[in-house]
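What follows is a short report on a single structure.
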Amino acid sequence: MIPPAFEYHAPGSIDDAVALLSQYGDEAKILAGGHSLLPMMKLRFAEPEHLVDINNIDSLKGISEENGTIVIGAMTSENELIASSLLQEKCPLLPEAARQIADPQVRNRGTIGGDIAHGDPGNDHPALMLALDARFTLVGANGSREVAAQDFFLGTFYTALEADEILTEIRIAAQPAGTGASYQKLKRKTGDYATAAAAAVITMAGDTCQSVRISLTNLGATALRATAAETVLTGQKITEDLINQAAAKAMEICDPSEDLRGDAEYKTQMGGEMTRRAIREAVQRAGGN
Amino acid sequence: MSAAPDTLERQDQLQGIGCSRKRKEDPRFIQGKGLYVDDVKLPGMLFGAVVRSPFAHAKVISINKEKALALPGVHAVITAADLKPLGLHWMPTLAGDTQAVLADEKVCFQQQEVAMVVADDRYIAADGAELVEVEYLQLPALVDPHKAMDDDAPIIREDLVGKDEAGQGKRTHNNHIFTWDVGDKEATDRAFDEAAITVSEKILNPRVHPSPLETCGCVASFDKVKGDLTIYITSQAPHIVRTVVTLLSGIPESKVRVISPDIGGGFGNKVGIYPGYVCAIVSSIVLGRPVKWIENRIDNLSTTAFARDYHGTGELAADKNGVIKALRFHALADHGAFNAHAQPTKWPAGLFSICTGSYDIPVAYARVDGVYTNKAPGGVAYRCSFRVTEAVYLIERMIDVLAQKLDIDKAEIRRRNFIKAEQFPYQSALGWEYDSGNYLPALEKVLEACDYEGLRKEQADKRARGELMGIGLCTFTEIVGAGPSKACDVLGVGMFDSCEIRVHPTGSAIARMGTITQGQGHQTTYAQIIASELGLSSDDIQIEEGDTDTAPYGLGTYGSRSTPVGGAATAMAARALRAKAQKIAAHLLEVSPEDVEWDVDRFHVKGNPEAVKTMKEVAWAAYNNVPEGMEMGLETVNYYDPPNFTYPFGIYLCVVDIDRHTGETTVRRFYALDDCGTRINPMIIEGQIHGGLNEAFAVAMGQLISFDEDGNLQGNTLMDYFIPTFVETPHWETDFTVTPSPHHPLGAKGVAESPHVGGIPCFSNAIVDAFAHKGVTHIDMPHTAYNLWKTIHELGLDT
Ligand SMILES: Cc1cc2nc3c(=O)[nH]c(=O)nc-3n(C[C@H](O)[C@H](O)[C@H](O)COP(=O)(O)OP(=O)(O)OC[C@H]3O[C@@H](n4cnc5c(N)ncnc54)[C@H](O)[C@@H]3O)c2cc1C
C-alpha cells in the first residue's frame with residue numbers, strides 16, 4: 001500500500017500544467033482528487049514518475065451558466081455538484097447521481113473531471129455524460145478542442161485524451177421543458193461501484209416520448225449508450241410493455257465481466273431492471289405517467 | 001423496605017454497578033489522543049515489510065536478497081534460512097501444531113510470509129520488498145476441504161508426512177488434522193432409527209475475517225546492553241505473548257515486557273501470534289534497534305487469521321409434535337495450511353458442543369474433522385466464544401428446518417423444546433452444566449413486543465401478492481467466560497484471570513487486570529465494580545491493563561471472558577480489601593469487626609449509624625493506624641479460577657423484505673432481547689449489543705473470504721469485504737431480562753458476543769423464512785443481493 005517514489009509538481013495555471021505534461025509525456029499523470037489514481041499507485045498498478053497536481057488551478061473549478069449551457073470546471077468536486085443550486089434547478093440528474101458515488105470522504109476530493117478522464121467503466125459520470133449529451137473541452141500543447149461524450153470513451157481506462165491534454169470543462173446544453181431524468185444504481189453498499197446502473201433522460205410531449213437518451217454503467221468495457229432501447233421509446237406512448245421492450249434492448253448490449261458483485265447474467269438482468277426503473281422515474285419526472 | 005434518601009444519593013455518587021455512566025476512555029478517543037501501536041515511535045526505530053507469496057501452493061526454489069540489500073536504507077533481509085540457526089523458522093501454534101514463521105522450502109497459502117525486509121522507514125522497506133527475488137515452482141492447490149482427504153489430494157504439510165499426530169490426537173491422512181467427537185453416538189443413532197421424524201441439512205458457516213479497524217502490528221525493541229526485550233503489540237492476550245516469547249527465545253520472562261496499548265478492535269483477530277511479530281522481534285534482537293511491523297488491510301484480510309469455515313451437517317430427530325429426541329451434528333473444519341486455531345489448547349473444536357442450544361435434547365452426538373487446505377491459517381473466535389457461533393448457527397437453523405417439515409410455527413416449536421426454568425442448573429447431553437436461564441418468558445416478551453401474530457398475518461397477505469417477507473427468530477444460549485482451569489488452559493496456563501487493586505491513602509485507587517480492553521469499555525466497567533464494592537467513586541478509580549510489567553498475569557480478553565472471569569477477580573479483590581477495611585474501621589471505632597456494618601461507602605457501628613468511618617477515612621488509616629499485627633496498606637491481588645462457564649441467552653426477532661427483482665434485503669425490524677445476568681453499565685451493554693449486531697449483520701449479509709480454484713484470494717480489500725457503515729446498518733431495538741449467574745460473585749455473564757452469535761442465525765432464519773412457502777429450507781450465507789437473486793431466479797419469482 002505504499003507507492004514507489006515520484007516527483008511532485010503543482011502548477012498554478014493550465015499552461016504550466018500542459019507544459020509539464022508535454023515535457024514528461026507518458027511518465028506524467030495528472031493528479032486531481034486522487035481517489036482513482038492514488039489507490040492504483042498504492043497497489044503499484046500505476047507507477048508514474050511525475051505527478052502533476054492541478055488542484056491549484058482555480059480556473060478549473062466552479063459551475064456556471066453560459067447562454068443556457070451549463071459549464072462545469074473539471075476540478076469541481078462531487079460534493080460541490082451536490083451542493084450546487086444551479087444544478088439542482090437546471091440539471092438535477094447530476095447532484096442526484098453524485099450522491100450515489102462512493103462515500104462523503106471520496107466525494108469531498110473526487111472531481112467530475114477525474115471521474116470522466118479516468119475512463120473507468122465502473123465510474124458513474126461517463127454514463128451520465130452520455131445521457132446528458134455533454135461535451136468536453138480538452139486543452140493541450142496544440143490548443144483547445146471540444147469532444148462529445150459520445151466520442152470520448154474508447155475503452156477501459158482509454159479515452160480520447162492525449163498524453164499532454166487536460167480536460168478543463170464539461171458543457172451540458174439546456175434541457176427542453178418536459179424533460180425528466182433518473183439515475184438508478186444498484187450497489188452492494190455505500191462506497192461501492194455499481195453492480196449495474198442506468199441513466200435515462202426523457203423529454204415528453206404529453207404522453208408521448210419526444211426524445212430519450214439511455215446509458216449504462218459498469219456493463220461493458222466503457223459506459224454504454226443504449227440506442228436501440230431509445231429507439232423503442234422514441235415517438236411512442238410509454239407503457240409498461242414498452243419499458244420492458246426497451247430494457248430488453250438495453251440488456252442486449254450488456255457485456256459485463258464477472259466479479260464478486262455478480263456474474264454476467266445477474267449484472268445483465270440488473271442492467272435491465274435499472275433501465276426499467278430509470279425510464280419509469282424519468283417519465284414520471286417529465287410529467288408523463 | 002426502601003433505602004433512605006441519603007443512602008440512595010451516596011449510591012448514585014459512586015456511579016457503580018447499574019449506572020449508565022459515560023465511558024472513561026472516550027475523552028481520549030474522541031479527541032484523537034489514544035495511543036495505538038502504530039503511534040509508538042522509538043529512537044532509531046526501523047520498519048519491516050513482509051515479502052509474500054503470490055501462489056497458494058509452491059516450492060520455494062531460491063530467494064535472492066542482493067538487490068534489496070543494495071538499496072540504500074535497507075538493513076537486513078530475513079528468510080527462513082536466517083531463522084533456522086536460531087530455531088525460529090517454525091513456531092508453535094495455540095492448537096498444538098507448528099507454523100512456518102517464514103516459508104521453509106515451500107509456501108502453503110497465498111500471501112504467506114516469505115521474507116522480511118528491514119529498512120530505515122516504511123517506504124524504503126516497501127521498495128526493498130519489491131526487490132527481493134523469489135523463484136517458485138507452482139504446485140497444485142487444494143482449495144475445497146471436501147477434497148482434502150481424497151487419495152490423490154496434494155500434500156500440503158510435507159513436514160508432517162509420516163506423522164500420525166498433529167497435536168490434537170490421531171490423524172488418518174496427510175491433510176487430516178484431527179477428529180474430535182463428543183456424546184453418546186450409539187444412543188443417538190438409535191434415537192434417530194426410532195424417531196417418527198428426522199431432518200437433515202447441509203449448513204455452511206463460510207470463511208470470514210473479523211477485520212478490526214486497526215490491523216495487527218508491533219514494535220519490538222531489544223536492548224542489547226540490558227538484554228531485555230520490550231514489545232508493543234496489538235494483542236488480546238499480552239501475558240500469553242510474553243510466555244510464548246520466552247519459550248521461543250529463551251529470554252527470561254522477567255526480561256520480556258509486552259505492552260498492549262490502545263487496541264482498535266480485536267474480535268479474535270488479535271489473539272494469535274503471527275509471523276510478522278516474530279520477524280520484528282528477531283530483527284530487533286539481531287540488529288539491536290527497535291523494529292516496527294504494521295499490516296496493511298490486504299495483509300490483514302489475507303493472512304492474519306480467519307474465522308469459521310465450518311462445513312456442517314445438522315440432523316434432528318423428533319416426534320410428530322416437534323419435540324426433539326436427538327441431535328447429530330458434524331462439521332468439516334477447514335483450518336487452512338497450519339492449525340493455528342484459537343482455542344483453549346485441549347479443545348480442537350472449541351466449545352462447539354454447546355450445539356444443543358436452549359433445548360432439552362435427551363441424546364446428542366457431535367463430531368468435527370479438521371483438515372488442511374492451501375489457505376491462511378487461523379480459526380479464530382470472531383466475536384464469539386470458541387466455535388460457539390458455528391454451534392448456535394447449526395441448532396438455530398435446524399430447529400427452523402424441523403418446524404418447516406412439521407408445519408409447526410417457528411415460535412411454537414421453540415416453546416415445545418426449551419429447557420424449563422426449573423431444570424436449571426441443567427446438564428446438557430454433551431456435558432455442560434448450564435448455570436441458569438429462563439427462556440420462555442423472554443420469548444413471550446419479544447413476541448408480544450413485535451406483534452408476532454400480526455407479522456405472520458402480514459406475511460401471509462404479502463405472500464399472496466407475490467412479495468417476499470421473512471420473519472426470523474433466534475433463541476440462543478451462549479457459553480462464555482473460559483474458563484475453569486480444570487477444563488481450560490492455553491499452552492498449559494490455566495484460564496483464570498486476575499485483578500490487583502491498590503487503594504491510595506487519600507482514597508482513590510488504581511486497579512490492574514490480566515485482561516485487555518479493545519473497545520469493550522473495561523476502564524469504565526471495572527471501575528464501576530470496584531466503586532460499588534469499595535464505596536469509592538468510579539471517577540477516582542483508574543483501570544490499567546495491557547502492560548505485563550505492571551498487570552498481574554491473566555489470559556486476556558476474548559470469548560466474553562472479561563466480566564465473567566476478570567470482573568469476578570475484581571469483585572473478589574475488592575471484597576478482600578473491604579474485609580480488611582472492616583477490621584481497620586472497627587479498630588478506629590474501637591469495636592470488634594463483627595460489630596460494624598457496611599453501608600454503601602462507609603462502615604458504622606451496628607445500631608449506631610452516627611459512629612461512622614468512611615472508606616476514605618479507612619484508606620488513610622491503612623497507611624498510619626492499623627490494628628496491631630496487621631500489615632499496613634490497602635492493596636491486594638486476586639486470581640480467579642471460575643467454577644463454571646456462564647450461559648447468557650437471548651431472544652432475537654428479525655423482519656426482512658426482499659426485493660424480488662434485485663435480491664436486495666431490507667431489514668425492517670430487529671428486536672434483540674439479551675439476558676446477561678447482572679447489568680453493570682447498561683449503556684455499555686447496549687453499545688456492545690449494537691456493535692455485535694452490526695457484525696452479525698455483516699457476516700450474514702455480506703462477509704466472505706473466498707478463493708478461486710488456484711487458491712487466489714478473491715476480494716481482499718474493503719471494497720469487496722463487507723463492513724457495514726451507518727447507511728447499511730439496520731435500526732436496532734434492544735430489551736433485556738435479568739437472570740443472574742448463580743456462581744459469579746456479581747451474577748454477571750458477559751454480553752458483547754451474544755449479539756453476534758445470536759444475530760447471525762436470526763438473519764438467516766428471516767431470509768429462509770421469506771422463501772419457506774416455496775419449499776426452501778436453507779440458504780447459505782452470505783445473503784448478498786446477488787446470492788439471493790440466484791435463489792429468486794431459480795424459483796422463477798423475478799418475473
Ligand atoms: C472507495 C471508493 C469508492 C468509489 N466509488 C465510486 C463510485 O461509486 N462511482 C464513481 O464514479 N467513482 C467512484 N470512485 C472513484 C472516485 O469517484 C474518483 O474520485 C474518480 O474516479 C476520479 O476522480 P479524481 O478527481 O479523484 O481523479 P484522480 O484519481 O486524481 O485521477 C484519475 C485519473 O484521471 C486523470 N485526470 C484527472 N483529472 C484530469 C483532468 N482534468 N484532465 C485529464 N486527466 C485527468 C488522472 O491523471 C488519473 O489518471 C470511488 C473511489 C473510491 C476510493
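Note on naming: chains are A, B, ... as they come in the C-alpha cells, residues start from 1 per chain, ligands start from 1 in the order shown.
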Which residues are near ligand 1 in this structure, taking near to mean any atom at most 6 Å from a ligand atom and counting only C-alpha atoms and all ligand atoms? Format them as an mmCIF file with N, CA and C atoms, in the first residue's frame.
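Listed below is the output, part-v4.cif:
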```cif
data_model
loop_
_atom_site.group_PDB
_atom_site.id
_atom_site.type_symbol
_atom_site.label_atom_id
_atom_site.label_comp_id
_atom_site.auth_asym_id
_atom_site.auth_seq_id
_atom_site.Cartn_x
_atom_site.Cartn_y
_atom_site.Cartn_z
ATOM 1 N N LYS A 29 1.425 11.911 -14.794
ATOM 2 C CA LYS A 29 -0.011 11.714 -14.603
ATOM 3 C C LYS A 29 -0.554 12.954 -13.921
ATOM 4 N N ILE A 30 -1.733 13.356 -14.356
ATOM 5 C CA ILE A 30 -2.409 14.442 -13.661
ATOM 6 C C ILE A 30 -2.968 13.903 -12.356
ATOM 7 N N LEU A 31 -2.831 14.703 -11.298
ATOM 8 C CA LEU A 31 -3.456 14.361 -10.020
ATOM 9 C C LEU A 31 -4.613 15.321 -9.786
ATOM 10 N N ALA A 32 -5.816 14.783 -9.772
ATOM 11 C CA ALA A 32 -6.988 15.619 -9.456
ATOM 12 C C ALA A 32 -7.383 15.312 -8.013
ATOM 13 N N GLY A 33 -8.512 14.637 -7.796
ATOM 14 C CA GLY A 33 -8.893 14.283 -6.423
ATOM 15 C C GLY A 33 -8.072 13.124 -5.874
ATOM 16 N N GLY A 34 -7.482 12.374 -6.764
ATOM 17 C CA GLY A 34 -6.595 11.283 -6.352
ATOM 18 C C GLY A 34 -7.301 9.995 -5.950
ATOM 19 N N HIS A 35 -8.618 9.981 -6.013
ATOM 20 C CA HIS A 35 -9.309 8.814 -5.469
ATOM 21 C C HIS A 35 -9.415 7.625 -6.429
ATOM 22 N N SER A 36 -8.987 7.810 -7.635
ATOM 23 C CA SER A 36 -8.787 6.651 -8.503
ATOM 24 C C SER A 36 -7.288 6.413 -8.688
ATOM 25 N N LEU A 37 -6.564 7.499 -8.832
ATOM 26 C CA LEU A 37 -5.141 7.366 -9.133
ATOM 27 C C LEU A 37 -4.337 6.846 -7.936
ATOM 28 N N ALA A 74 -13.542 21.101 -14.591
ATOM 29 C CA ALA A 74 -13.169 19.693 -14.382
ATOM 30 C C ALA A 74 -12.818 19.405 -12.927
ATOM 31 N N ILE A 101 -22.325 8.301 -5.600
ATOM 32 C CA ILE A 101 -20.930 7.946 -5.871
ATOM 33 C C ILE A 101 -20.175 7.794 -4.556
ATOM 34 N N ALA A 102 -19.507 6.682 -4.403
ATOM 35 C CA ALA A 102 -18.580 6.474 -3.287
ATOM 36 C C ALA A 102 -19.207 6.873 -1.960
ATOM 37 N N VAL A 106 -14.774 10.467 -0.113
ATOM 38 C CA VAL A 106 -14.312 10.430 -1.503
ATOM 39 C C VAL A 106 -14.940 11.587 -2.275
ATOM 40 N N GLY A 110 -12.894 13.827 -4.742
ATOM 41 C CA GLY A 110 -13.020 13.322 -6.112
ATOM 42 C C GLY A 110 -13.686 14.368 -7.000
ATOM 43 N N THR A 111 -13.188 14.488 -8.234
ATOM 44 C CA THR A 111 -13.692 15.526 -9.132
ATOM 45 C C THR A 111 -14.455 14.908 -10.299
ATOM 46 N N GLY A 113 -14.115 15.859 -13.325
ATOM 47 C CA GLY A 113 -13.151 15.695 -14.418
ATOM 48 C C GLY A 113 -12.354 14.416 -14.283
ATOM 49 N N GLY A 114 -11.899 14.140 -13.074
ATOM 50 C CA GLY A 114 -11.127 12.918 -12.842
ATOM 51 C C GLY A 114 -11.978 11.674 -13.080
ATOM 52 N N ASP A 115 -13.227 11.760 -12.682
ATOM 53 C CA ASP A 115 -14.134 10.625 -12.832
ATOM 54 C C ASP A 115 -14.339 10.303 -14.310
ATOM 55 N N ALA A 117 -12.184 11.460 -16.870
ATOM 56 C CA ALA A 117 -10.911 11.247 -17.565
ATOM 57 C C ALA A 117 -10.313 9.874 -17.275
ATOM 58 N N HIS A 118 -10.678 9.308 -16.134
ATOM 59 C CA HIS A 118 -10.093 8.021 -15.741
ATOM 60 C C HIS A 118 -10.475 6.913 -16.732
ATOM 61 N N ASN A 123 -17.063 3.860 -13.198
ATOM 62 C CA ASN A 123 -17.393 5.205 -12.740
ATOM 63 C C ASN A 123 -18.765 5.615 -13.255
ATOM 64 N N ASP A 124 -19.401 6.496 -12.504
ATOM 65 C CA ASP A 124 -20.777 6.864 -12.845
ATOM 66 C C ASP A 124 -20.882 8.015 -13.833
ATOM 67 N N HIS A 125 -19.940 8.956 -13.782
ATOM 68 C CA HIS A 125 -20.090 10.129 -14.651
ATOM 69 C C HIS A 125 -20.080 9.811 -16.144
ATOM 70 N N ILE A 166 -5.369 18.193 -20.986
ATOM 71 C CA ILE A 166 -6.140 18.282 -19.749
ATOM 72 C C ILE A 166 -7.603 18.481 -20.120
ATOM 73 N N LEU A 167 -8.455 17.758 -19.448
ATOM 74 C CA LEU A 167 -9.890 18.022 -19.553
ATOM 75 C C LEU A 167 -10.149 19.232 -18.668
ATOM 76 N N THR A 168 -10.626 20.321 -19.277
ATOM 77 C CA THR A 168 -10.784 21.541 -18.475
ATOM 78 C C THR A 168 -12.225 21.783 -18.064
ATOM 79 N N GLY A 191 -20.119 3.386 -0.908
ATOM 80 C CA GLY A 191 -18.700 3.352 -1.253
ATOM 81 C C GLY A 191 -18.385 2.334 -2.322
ATOM 82 N N ASP A 192 -19.423 1.689 -2.850
ATOM 83 C CA ASP A 192 -19.144 0.684 -3.871
ATOM 84 C C ASP A 192 -19.482 1.229 -5.256
ATOM 85 N N TYR A 193 -18.797 0.675 -6.235
ATOM 86 C CA TYR A 193 -19.137 0.953 -7.625
ATOM 87 C C TYR A 193 -20.425 0.210 -7.971
#
```
Next item on the list: Can you check which residues of range 119-219 of chain A DSSP gives as strand (DSSP E) on the backbone and send them as number ranges by chain?
Entry: A: 135-140, 143-148, 153-155, 158-159, 166-172, 179-186, 196-205, 208-217
Next item on the list: Would you list the contacts of Trp432 in chain B as a PyMOL selection string, taking every protein, DNA or RNA residue within 10 Å and counting only C-alpha atoms, but skipping same-chain residues closer than 3 positions in sequence?
Entry: chain B and resi 351+353-354+356+425-429+435+479+644-645
What would the file look like if the residues just selected were written as a short mmCIF file (atom, residue, chain, number, x, y, z; two decimals), in the first residue's frame with N, CA, C and O atoms?
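Contents of result08.cif, as written:
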```cif
data_model
loop_
_atom_site.label_atom_id
_atom_site.label_comp_id
_atom_site.auth_asym_id
_atom_site.auth_seq_id
_atom_site.Cartn_x
_atom_site.Cartn_y
_atom_site.Cartn_z
N LEU B 351 -15.77 -24.81 21.86
CA LEU B 351 -16.92 -25.17 22.69
C LEU B 351 -18.11 -25.53 21.81
O LEU B 351 -19.26 -25.28 22.15
N SER B 353 -19.61 -28.05 21.38
CA SER B 353 -20.59 -28.95 22.00
C SER B 353 -21.70 -28.19 22.74
O SER B 353 -22.57 -28.81 23.34
N ILE B 354 -21.73 -26.87 22.65
CA ILE B 354 -22.88 -26.12 23.15
C ILE B 354 -24.03 -26.20 22.13
O ILE B 354 -25.09 -25.59 22.29
N THR B 356 -26.37 -28.07 21.48
CA THR B 356 -27.76 -28.45 21.80
C THR B 356 -28.59 -27.21 22.13
O THR B 356 -29.81 -27.31 22.26
N PRO B 425 -29.81 -25.75 37.63
CA PRO B 425 -28.73 -25.98 36.67
C PRO B 425 -29.01 -27.22 35.82
O PRO B 425 -29.41 -28.25 36.35
N TYR B 426 -28.78 -27.08 34.52
CA TYR B 426 -29.20 -28.10 33.56
C TYR B 426 -27.97 -28.83 32.99
O TYR B 426 -27.01 -28.18 32.56
N GLN B 427 -28.05 -30.14 33.00
CA GLN B 427 -26.95 -30.93 32.43
C GLN B 427 -27.27 -31.22 30.96
O GLN B 427 -28.24 -31.89 30.68
N SER B 428 -26.45 -30.70 30.07
CA SER B 428 -26.76 -30.95 28.66
C SER B 428 -26.23 -32.31 28.24
O SER B 428 -25.32 -32.87 28.87
N ALA B 429 -26.82 -32.82 27.16
CA ALA B 429 -26.44 -34.15 26.68
C ALA B 429 -24.96 -34.21 26.30
O ALA B 429 -24.35 -35.27 26.29
N ASP B 435 -25.62 -22.85 33.88
CA ASP B 435 -25.77 -22.35 35.25
C ASP B 435 -27.15 -21.79 35.54
O ASP B 435 -27.68 -21.95 36.63
N ILE B 479 -22.11 -19.90 25.58
CA ILE B 479 -21.25 -20.37 26.68
C ILE B 479 -20.02 -19.49 26.64
O ILE B 479 -19.31 -19.44 25.64
N ASN B 644 -17.31 -22.43 36.80
CA ASN B 644 -18.07 -22.89 35.63
C ASN B 644 -18.02 -21.76 34.60
O ASN B 644 -17.59 -20.65 34.89
N PHE B 645 -18.44 -22.05 33.40
CA PHE B 645 -18.68 -21.00 32.40
C PHE B 645 -19.96 -20.27 32.79
O PHE B 645 -20.69 -20.71 33.68
#
```
Notebook entry, point to check: Counting only C-alpha atoms, which residues of chain A come no farther than 7 Å from chain B, as an MDAnalysis selection string?
Noted result: chainID A and resid 1:2 4 189:190 192 261:262 270
Next item on the list: Skip Ser764 in chain B itself and residues of its chain fewer than 2 positions away, then list as a count of residues only all residues within 9 Å of it, counting only C-alpha atoms.
Entry: 19
Checklist line | Shell of 7 Å around range 5-13 of chain A, only C-alpha atoms, local chain residues under 4 positions omitted, as a PyMOL selection string | finding: chain A and resi 17+48-54+56-57
Next, the residues of the selection above should be written as a tab-separated table (two decimals), in the first residue's frame with N, CA and C atoms.
```
chain	number	residue	atom	x	y	z
A	17	ALA	N	0.66	23.55	-16.51
A	17	ALA	CA	0.36	22.12	-16.39
A	17	ALA	C	0.59	21.43	-17.74
A	48	PRO	N	3.54	6.24	-11.97
A	48	PRO	CA	4.00	7.43	-12.69
A	48	PRO	C	5.24	8.03	-12.01
A	49	GLU	N	6.15	8.54	-12.83
A	49	GLU	CA	7.33	9.15	-12.23
A	49	GLU	C	7.09	10.59	-11.85
A	50	HIS	N	6.10	11.20	-12.52
A	50	HIS	CA	5.79	12.60	-12.21
A	50	HIS	C	4.29	12.75	-11.97
A	51	LEU	N	3.95	13.43	-10.90
A	51	LEU	CA	2.55	13.75	-10.64
A	51	LEU	C	2.36	15.23	-10.84
A	52	VAL	N	1.40	15.56	-11.69
A	52	VAL	CA	1.11	16.98	-11.94
A	52	VAL	C	-0.21	17.30	-11.25
A	53	ASP	N	-0.09	17.89	-10.07
A	53	ASP	CA	-1.26	18.19	-9.25
A	53	ASP	C	-1.93	19.46	-9.79
A	54	ILE	N	-3.19	19.35	-10.21
A	54	ILE	CA	-3.86	20.52	-10.81
A	54	ILE	C	-4.85	21.18	-9.84
A	56	ASN	N	-4.24	23.43	-7.72
A	56	ASN	CA	-4.02	24.86	-7.51
A	56	ASN	C	-4.55	25.73	-8.65
A	57	ILE	N	-5.09	25.10	-9.68
A	57	ILE	CA	-5.53	25.89	-10.84
A	57	ILE	C	-7.00	26.27	-10.66
```
For Cys676 in chain B, find every residue with an atom within 7 Å (counting only C-alpha atoms), except residues of its own chain fewer than 4 positions away, and show them as a PDB file with N, CA and C atoms, in the first residue's frame.
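Listed below is the output, selection.pdb:
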```
ATOM      1  N   PRO B 648     -25.075 -16.889  29.018  1.00  0.00           N
ATOM      2  CA  PRO B 648     -26.014 -15.837  28.638  1.00  0.00           C
ATOM      3  C   PRO B 648     -26.955 -16.354  27.555  1.00  0.00           C
ATOM      4  N   PHE B 649     -28.127 -15.764  27.469  1.00  0.00           N
ATOM      5  CA  PHE B 649     -29.029 -16.171  26.393  1.00  0.00           C
ATOM      6  C   PHE B 649     -29.721 -14.951  25.804  1.00  0.00           C
ATOM      7  N   VAL B 738     -33.246 -10.243  33.305  1.00  0.00           N
ATOM      8  CA  VAL B 738     -32.082 -10.448  34.164  1.00  0.00           C
ATOM      9  C   VAL B 738     -32.205 -11.773  34.906  1.00  0.00           C
ATOM     10  N   ALA B 748     -22.965 -11.675  36.988  1.00  0.00           N
ATOM     11  CA  ALA B 748     -22.836 -11.169  35.615  1.00  0.00           C
ATOM     12  C   ALA B 748     -22.350 -12.271  34.681  1.00  0.00           C
ATOM     13  N   LYS B 749     -22.692 -12.146  33.401  1.00  0.00           N
ATOM     14  CA  LYS B 749     -22.424 -13.249  32.466  1.00  0.00           C
ATOM     15  C   LYS B 749     -21.609 -12.904  31.224  1.00  0.00           C
ATOM     16  N   GLY B 750     -21.374 -11.670  30.916  1.00  0.00           N
ATOM     17  CA  GLY B 750     -20.688 -11.398  29.639  1.00  0.00           C
ATOM     18  C   GLY B 750     -21.721 -11.254  28.549  1.00  0.00           C
ATOM     19  N   VAL B 751     -21.531 -10.242  27.686  1.00  0.00           N
ATOM     20  CA  VAL B 751     -22.620  -9.934  26.762  1.00  0.00           C
ATOM     21  C   VAL B 751     -22.181  -9.578  25.354  1.00  0.00           C
TER      22      VAL B 751
END
```
Note to self: Report, in Å with one decimal, the straight-line distance from CA of Asp369 in chain B to CA of Gly559 in chain B.
What the structure shows: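 Separation between CA of Asp369 in chain B and CA of Gly559 in chain B: 22.2 Å.
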Notebook entry, point to check: Would you give me, as a ChimeraX atom specification, the residues in range 98-261 of chain A that DSSP reads as alpha helix (DSSP H)?
Noted result: /A:98,104-109,112-117,125-132,227-233,240-252
Next item on the list: Mind checking which residues fall within 6 Å of Val71 in chain A, counting only C-alpha atoms, ignoring those fewer than 2 positions away in the same chain, and posting them as JSON, numbers by chain?
Entry: {"A": [63, 64, 65, 170, 171]}
Checklist line | CA of Asp104 in chain B to CA of Ala81 in chain B, straight-line distance in Å | finding: 7.7 Å
Next item on the list: Record the distance separating CA of Trp732 in chain B and CA of Gln31 in chain B, expressed in Å with one decimal.
Entry: 27.0 Å
Check: Taking into account only C-alpha atoms, which residue in the set B:Gly431, B:Pro742, B:Pro140, B:Gly250 is nearest to Ala153 in chain B?
Finding: B:Pro140
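Candidate residues B:Asp540, B:Asp360, B:Glu695, B:Asp409 were compared for distance to Lys616 in chain B, and the nearest is B:Asp540, using only C-alpha atoms.
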